[in-house]
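Structure file final25.pdb with PDB, C-alpha atoms:
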ATOM      1  CA  MET I   1     -68.171 -87.864  85.496  1.00  0.00           C
ATOM      2  CA  ARG I   2     -65.613 -85.973  87.575  1.00  0.00           C
ATOM      3  CA  LEU I   3     -61.997 -86.218  86.629  1.00  0.00           C
ATOM      4  CA  ARG I   4     -59.471 -86.767  89.386  1.00  0.00           C
ATOM      5  CA  GLU I   5     -55.779 -86.240  89.717  1.00  0.00           C
ATOM      6  CA  TRP I   6     -54.184 -89.305  91.279  1.00  0.00           C
ATOM      7  CA  LEU I   7     -50.926 -89.527  93.203  1.00  0.00           C
ATOM      8  CA  ILE I   8     -48.521 -91.115  90.719  1.00  0.00           C
ATOM      9  CA  GLY I   9     -44.790 -91.105  90.137  1.00  0.00           C
ATOM     10  CA  PRO I  10     -42.071 -91.986  92.628  1.00  0.00           C
ATOM     11  CA  GLY I  11     -41.912 -88.619  94.403  1.00  0.00           C
ATOM     12  CA  GLN I  12     -39.170 -87.842  96.901  1.00  0.00           C
ATOM     13  CA  PRO I  13     -37.607 -90.638  99.002  1.00  0.00           C
ATOM     14  CA  THR I  14     -37.174 -88.132 101.834  1.00  0.00           C
ATOM     15  CA  ASP I  15     -40.935 -88.391 102.366  1.00  0.00           C
ATOM     16  CA  VAL I  16     -40.163 -91.894 103.656  1.00  0.00           C
ATOM     17  CA  THR I  17     -36.898 -91.292 105.506  1.00  0.00           C
ATOM     18  CA  ASP I  18     -38.417 -88.301 107.300  1.00  0.00           C
ATOM     19  CA  THR I  19     -40.904 -90.651 109.002  1.00  0.00           C
ATOM     20  CA  PHE I  20     -38.123 -92.069 111.186  1.00  0.00           C
ATOM     21  CA  PRO I  21     -37.478 -90.435 114.551  1.00  0.00           C
ATOM     22  CA  ALA I  22     -34.330 -88.312 114.354  1.00  0.00           C
ATOM     23  CA  ALA I  23     -31.228 -89.433 116.240  1.00  0.00           C
ATOM     24  CA  ASN I  24     -32.983 -91.676 118.747  1.00  0.00           C
ATOM     25  CA  GLY I  25     -30.654 -94.618 118.144  1.00  0.00           C
ATOM     26  CA  ASP I  26     -33.486 -96.995 117.246  1.00  0.00           C
ATOM     27  CA  PHE I  27     -32.657 -97.095 113.523  1.00  0.00           C
ATOM     28  CA  HIS I  28     -29.485 -97.295 111.466  1.00  0.00           C
ATOM     29  CA  PHE I  29     -29.266 -95.758 107.977  1.00  0.00           C
ATOM     30  CA  ILE I  30     -26.786 -96.906 105.325  1.00  0.00           C
ATOM     31  CA  VAL I  31     -26.401 -95.623 101.776  1.00  0.00           C
ATOM     32  CA  ASP I  32     -24.365 -98.020  99.653  1.00  0.00           C
ATOM     33  CA  ASP I  33     -22.229 -97.489  96.552  1.00  0.00           C
ATOM     34  CA  ARG I  34     -25.281 -97.853  94.254  1.00  0.00           C
ATOM     35  CA  ALA I  35     -27.094 -95.080  96.187  1.00  0.00           C
ATOM     36  CA  ASP I  36     -29.516 -97.627  97.594  1.00  0.00           C
ATOM     37  CA  THR I  37     -30.684 -96.811 101.111  1.00  0.00           C
ATOM     38  CA  HIS I  38     -31.006 -99.409 103.857  1.00  0.00           C
ATOM     39  CA  ILE I  39     -32.693 -98.737 107.186  1.00  0.00           C
ATOM     40  CA  ALA I  40     -32.697-101.279 109.991  1.00  0.00           C
ATOM     41  CA  SER I  41     -33.940-101.212 113.539  1.00  0.00           C
ATOM     42  CA  ALA I  42     -31.385-101.559 116.312  1.00  0.00           C
ATOM     43  CA  ASP I  43     -32.951-104.901 117.285  1.00  0.00           C
ATOM     44  CA  GLY I  44     -32.641-106.168 113.697  1.00  0.00           C
ATOM     45  CA  ARG I  45     -36.319-107.059 113.227  1.00  0.00           C
ATOM     46  CA  PHE I  46     -37.274-104.135 110.947  1.00  0.00           C
ATOM     47  CA  TYR I  47     -35.713-103.580 107.525  1.00  0.00           C
ATOM     48  CA  LEU I  48     -36.542-101.078 104.812  1.00  0.00           C
ATOM     49  CA  GLY I  49     -34.593-100.907 101.579  1.00  0.00           C
ATOM     50  CA  HIS I  50     -34.966 -98.280  98.859  1.00  0.00           C
ATOM     51  CA  PHE I  51     -33.681 -99.244  95.432  1.00  0.00           C
ATOM     52  CA  PRO I  52     -34.282 -96.324  93.024  1.00  0.00           C
ATOM     53  CA  ALA I  53     -33.050 -98.301  90.001  1.00  0.00           C
ATOM     54  CA  GLY I  54     -34.687-101.542  91.170  1.00  0.00           C
ATOM     55  CA  ARG I  55     -33.285-104.144  93.506  1.00  0.00           C
ATOM     56  CA  PRO I  56     -30.482-106.204  91.954  1.00  0.00           C
ATOM     57  CA  GLY I  57     -31.641-109.698  91.098  1.00  0.00           C
ATOM     58  CA  ALA I  58     -35.299-108.886  91.735  1.00  0.00           C
ATOM     59  CA  GLU I  59     -38.110-107.941  89.413  1.00  0.00           C
ATOM     60  CA  GLN I  60     -39.429-104.386  89.865  1.00  0.00           C
ATOM     61  CA  GLU I  61     -38.638-103.968  93.568  1.00  0.00           C
ATOM     62  CA  GLY I  62     -38.123-100.335  94.532  1.00  0.00           C
ATOM     63  CA  TRP I  63     -38.992-100.479  98.219  1.00  0.00           C
ATOM     64  CA  VAL I  64     -38.751-103.565 100.409  1.00  0.00           C
ATOM     65  CA  LEU I  65     -40.164-103.635 103.933  1.00  0.00           C
ATOM     66  CA  ALA I  66     -39.510-106.718 106.044  1.00  0.00           C
ATOM     67  CA  ILE I  67     -40.444-107.447 109.632  1.00  0.00           C
ATOM     68  CA  THR I  68     -38.888-110.536 111.189  1.00  0.00           C
ATOM     69  CA  GLY I  69     -41.317-112.735 113.043  1.00  0.00           C
ATOM     70  CA  THR I  70     -40.951-114.561 116.318  1.00  0.00           C
ATOM     71  CA  ALA I  71     -40.846-118.233 117.231  1.00  0.00           C
ATOM     72  CA  ARG I  72     -44.650-118.224 117.360  1.00  0.00           C
ATOM     73  CA  VAL I  73     -45.735-115.606 114.836  1.00  0.00           C
ATOM     74  CA  PRO I  74     -44.357-115.350 111.290  1.00  0.00           C
ATOM     75  CA  GLY I  75     -43.022-112.060 109.991  1.00  0.00           C
ATOM     76  CA  TYR I  76     -43.952-110.424 106.731  1.00  0.00           C
ATOM     77  CA  LYS I  77     -42.537-108.649 103.712  1.00  0.00           C
ATOM     78  CA  ALA I  78     -44.074-105.902 101.580  1.00  0.00           C
ATOM     79  CA  VAL I  79     -42.619-104.925  98.219  1.00  0.00           C
ATOM     80  CA  PHE I  80     -43.381-101.736  96.290  1.00  0.00           C
ATOM     81  CA  HIS I  81     -42.618-100.998  92.638  1.00  0.00           C
ATOM     82  CA  PRO I  82     -39.887 -98.366  92.041  1.00  0.00           C
ATOM     83  CA  ASP I  83     -42.569 -95.935  90.790  1.00  0.00           C
ATOM     84  CA  THR I  84     -44.806 -96.310  93.859  1.00  0.00           C
ATOM     85  CA  PRO I  85     -45.305 -92.794  95.251  1.00  0.00           C
ATOM     86  CA  ALA I  86     -42.986 -92.217  98.206  1.00  0.00           C
ATOM     87  CA  ARG I  87     -45.856 -90.558 100.090  1.00  0.00           C
ATOM     88  CA  LEU I  88     -47.783 -93.836  99.934  1.00  0.00           C
ATOM     89  CA  VAL I  89     -44.776 -95.836 101.166  1.00  0.00           C
ATOM     90  CA  ALA I  90     -44.287 -93.214 103.912  1.00  0.00           C
ATOM     91  CA  ALA I  91     -47.884 -93.715 105.077  1.00  0.00           C
ATOM     92  CA  VAL I  92     -47.337 -97.472 105.358  1.00  0.00           C
ATOM     93  CA  ILE I  93     -44.048 -96.998 107.231  1.00  0.00           C
ATOM     94  CA  ALA I  94     -45.607 -94.418 109.570  1.00  0.00           C
ATOM     95  CA  GLU I  95     -48.338 -96.923 110.465  1.00  0.00           C
ATOM     96  CA  VAL I  96     -45.800 -99.701 111.066  1.00  0.00           C
ATOM     97  CA  LEU I  97     -43.758 -97.402 113.323  1.00  0.00           C
ATOM     98  CA  ALA I  98     -46.858 -96.153 115.153  1.00  0.00           C
ATOM     99  CA  THR I  99     -47.962 -99.684 116.007  1.00  0.00           C
ATOM    100  CA  ALA I 100     -44.534-100.867 117.196  1.00  0.00           C
ATOM    101  CA  ALA I 101     -44.235-101.187 120.953  1.00  0.00           C
ATOM    102  CA  ARG I 102     -41.071-101.218 123.028  1.00  0.00           C
ATOM    103  CA  LEU I 103     -40.542-104.340 125.085  1.00  0.00           C
TER     104      LEU I 103
END
Could you render the structure from this file as structure tokens?
Amino acid sequence: MRLREWLIGPGQPTDVTDTFPAANGDFHFIVDDRADTHIASADGRFYLGHFPAGRPGAEQEGWVLAITGTARVPGYKAVFHPDTPARLVAAVIAEVLATAARL
């Protein structure tokens, strides 16, 4: 049997924030007084929250991704534990951004 080293531990949140295009005006970043980071698209349909100490009032939510749906298609929400590796969250976010199309 071969032993493997698995990607574990929260890693660096910058792995996620670096996936966003720099200074293109499509996304707004806010860091609040708890040091939680909130990223929203300019159109308001994309939201990503990073809660290093867990989201207040929620059970074990470290990253929250939400995409607002339309009148015909529902949106979705993905929640990651605070110890989910940031590189894994970054891969999910990169795929979401890559599949988004401008209208």
Can you list, as a compact mmCIF listing (two decimals) with C-alpha atoms, in the frame of the given file, every protein, DNA or RNA residue that comes within 6 Å of Gly49 (chain I) when you count only C-alpha atoms, leaving out same-chain residues fewer than 4 positions away?
# COMPACT_ATOMS: atom_id res chain seq x y z
CA THR I 37 -30.68 -96.81 101.11
CA HIS I 38 -31.01 -99.41 103.86
CA TRP I 63 -38.99 -100.48 98.22
CA VAL I 64 -38.75 -103.56 100.41
Please list as a list in words every residue within 12 Å of Gln12 (chain I), counting all atoms listed in the file and excluding residues in the same chain fewer than 6 positions away.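 My reading of the contact set: Asp18, His50, Pro52, Pro82, Asp83, Thr84, Pro85, Ala86, Arg87, Leu88, Val89 and Ala90 of chain I.
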Listed atoms of region 27-34 of chain I boxed along x, y and z, 8 Å each side, centre and edge lengths in Å, one decimal, as JSON:
{"center_x": -27.4, "center_y": -96.8, "center_z": 103.9, "size_x": 26.4, "size_y": 18.4, "size_z": 35.3}
At what distance in Å, to one decimal, does CA of Gln60 (chain I) lie from CA of Gly11 (chain I)? 16.6 Å
Straight-line distance linking CA of Val73 (chain I) with CA of Leu97 (chain I), stated in Å to one decimal: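 Atom-to-atom, CA of Val73 (chain I) to CA of Leu97 (chain I), that is 18.4 Å.
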Excluding region 29-32 of chain I and residues on its chain fewer than 6 positions from it, collect all residues at most 12 Å away from it, counting all atoms listed in the file, and give them as an MDAnalysis selection string. chainID I and resid 17:18 20:23 38:42 46:52
Calculate how many Å separate CA of Phe80 (chain I) from CA of Gly62 (chain I), rounding to one decimal. 5.7 Å
Nearest to Arg102 (chain I) by atom-to-atom distance, counting all atoms listed in the file, from I:Val79, I:Glu61, I:Pro74, I:Asp26: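 Distance minimum relative to Arg102 (chain I) lands on I:Asp26.
Between Val96 (chain I) and the residues I:Ala71, I:Thr19, I:Gly54, I:Gly44, the shortest atom-to-atom distance, using only C-alpha atoms, involves I:Thr19.
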Using N, CA and C atoms, give me region 62-82 of chain I from the structure I just pasted, as a JSON list (two decimals), in the first residue's frame.
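Saved result, result-v7.json, follows:
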[["chain", "number", "residue", "atom", "x", "y", "z"],
["I", 62, "GLY", "N", -17.00, 28.23, 7.02],
["I", 62, "GLY", "CA", -15.79, 29.04, 6.86],
["I", 62, "GLY", "C", -15.79, 29.83, 5.56],
["I", 63, "TRP", "N", -16.34, 29.21, 4.53],
["I", 63, "TRP", "CA", -16.48, 29.84, 3.22],
["I", 63, "TRP", "C", -17.91, 29.65, 2.77],
["I", 64, "VAL", "N", -18.54, 30.70, 2.26],
["I", 64, "VAL", "CA", -19.89, 30.59, 1.74],
["I", 64, "VAL", "C", -19.91, 31.20, 0.34],
["I", 65, "LEU", "N", -20.28, 30.41, -0.63],
["I", 65, "LEU", "CA", -20.44, 30.84, -2.01],
["I", 65, "LEU", "C", -21.92, 30.80, -2.33],
["I", 66, "ALA", "N", -22.45, 31.89, -2.85],
["I", 66, "ALA", "CA", -23.86, 31.93, -3.23],
["I", 66, "ALA", "C", -24.01, 32.62, -4.58],
["I", 67, "ILE", "N", -24.77, 31.99, -5.45],
["I", 67, "ILE", "CA", -25.10, 32.55, -6.75],
["I", 67, "ILE", "C", -26.61, 32.71, -6.79],
["I", 68, "THR", "N", -27.07, 33.92, -7.01],
["I", 68, "THR", "CA", -28.50, 34.20, -7.07],
["I", 68, "THR", "C", -29.04, 33.70, -8.40],
["I", 69, "GLY", "N", -30.17, 33.06, -8.34],
["I", 69, "GLY", "CA", -30.80, 32.54, -9.55],
["I", 69, "GLY", "C", -31.54, 33.61, -10.33],
["I", 70, "THR", "N", -32.33, 33.15, -11.27],
["I", 70, "THR", "CA", -33.15, 34.04, -12.08],
["I", 70, "THR", "C", -34.62, 33.68, -11.84],
["I", 71, "ALA", "N", -35.50, 34.33, -12.55],
["I", 71, "ALA", "CA", -36.92, 34.04, -12.42],
["I", 71, "ALA", "C", -37.24, 32.61, -12.84],
["I", 72, "ARG", "N", -36.40, 32.04, -13.71],
["I", 72, "ARG", "CA", -36.68, 30.70, -14.23],
["I", 72, "ARG", "C", -35.77, 29.60, -13.70],
["I", 73, "VAL", "N", -34.59, 29.99, -13.24],
["I", 73, "VAL", "CA", -33.62, 28.99, -12.78],
["I", 73, "VAL", "C", -33.17, 29.35, -11.37],
["I", 74, "PRO", "N", -33.29, 28.41, -10.42],
["I", 74, "PRO", "CA", -32.88, 28.72, -9.05],
["I", 74, "PRO", "C", -31.36, 28.88, -8.94],
["I", 75, "GLY", "N", -30.94, 29.64, -7.97],
["I", 75, "GLY", "CA", -29.52, 29.79, -7.68],
["I", 75, "GLY", "C", -29.04, 28.65, -6.82],
["I", 76, "TYR", "N", -27.85, 28.81, -6.27],
["I", 76, "TYR", "CA", -27.32, 27.77, -5.40],
["I", 76, "TYR", "C", -26.38, 28.38, -4.36],
["I", 77, "LYS", "N", -26.07, 27.56, -3.38],
["I", 77, "LYS", "CA", -25.17, 27.96, -2.29],
["I", 77, "LYS", "C", -24.27, 26.79, -1.98],
["I", 78, "ALA", "N", -22.99, 27.06, -1.81],
["I", 78, "ALA", "CA", -22.02, 26.04, -1.41],
["I", 78, "ALA", "C", -21.32, 26.53, -0.15],
["I", 79, "VAL", "N", -21.21, 25.67, 0.83],
["I", 79, "VAL", "CA", -20.61, 26.01, 2.11],
["I", 79, "VAL", "C", -19.42, 25.10, 2.36],
["I", 80, "PHE", "N", -18.31, 25.68, 2.80],
["I", 80, "PHE", "CA", -17.10, 24.93, 3.11],
["I", 80, "PHE", "C", -16.74, 25.14, 4.57],
["I", 81, "HIS", "N", -16.30, 24.10, 5.22],
["I", 81, "HIS", "CA", -15.83, 24.13, 6.61],
["I", 81, "HIS", "C", -14.66, 25.11, 6.74],
["I", 82, "PRO", "N", -14.46, 25.74, 7.89],
["I", 82, "PRO", "CA", -13.33, 26.66, 8.05],
["I", 82, "PRO", "C", -11.96, 26.02, 7.76]]
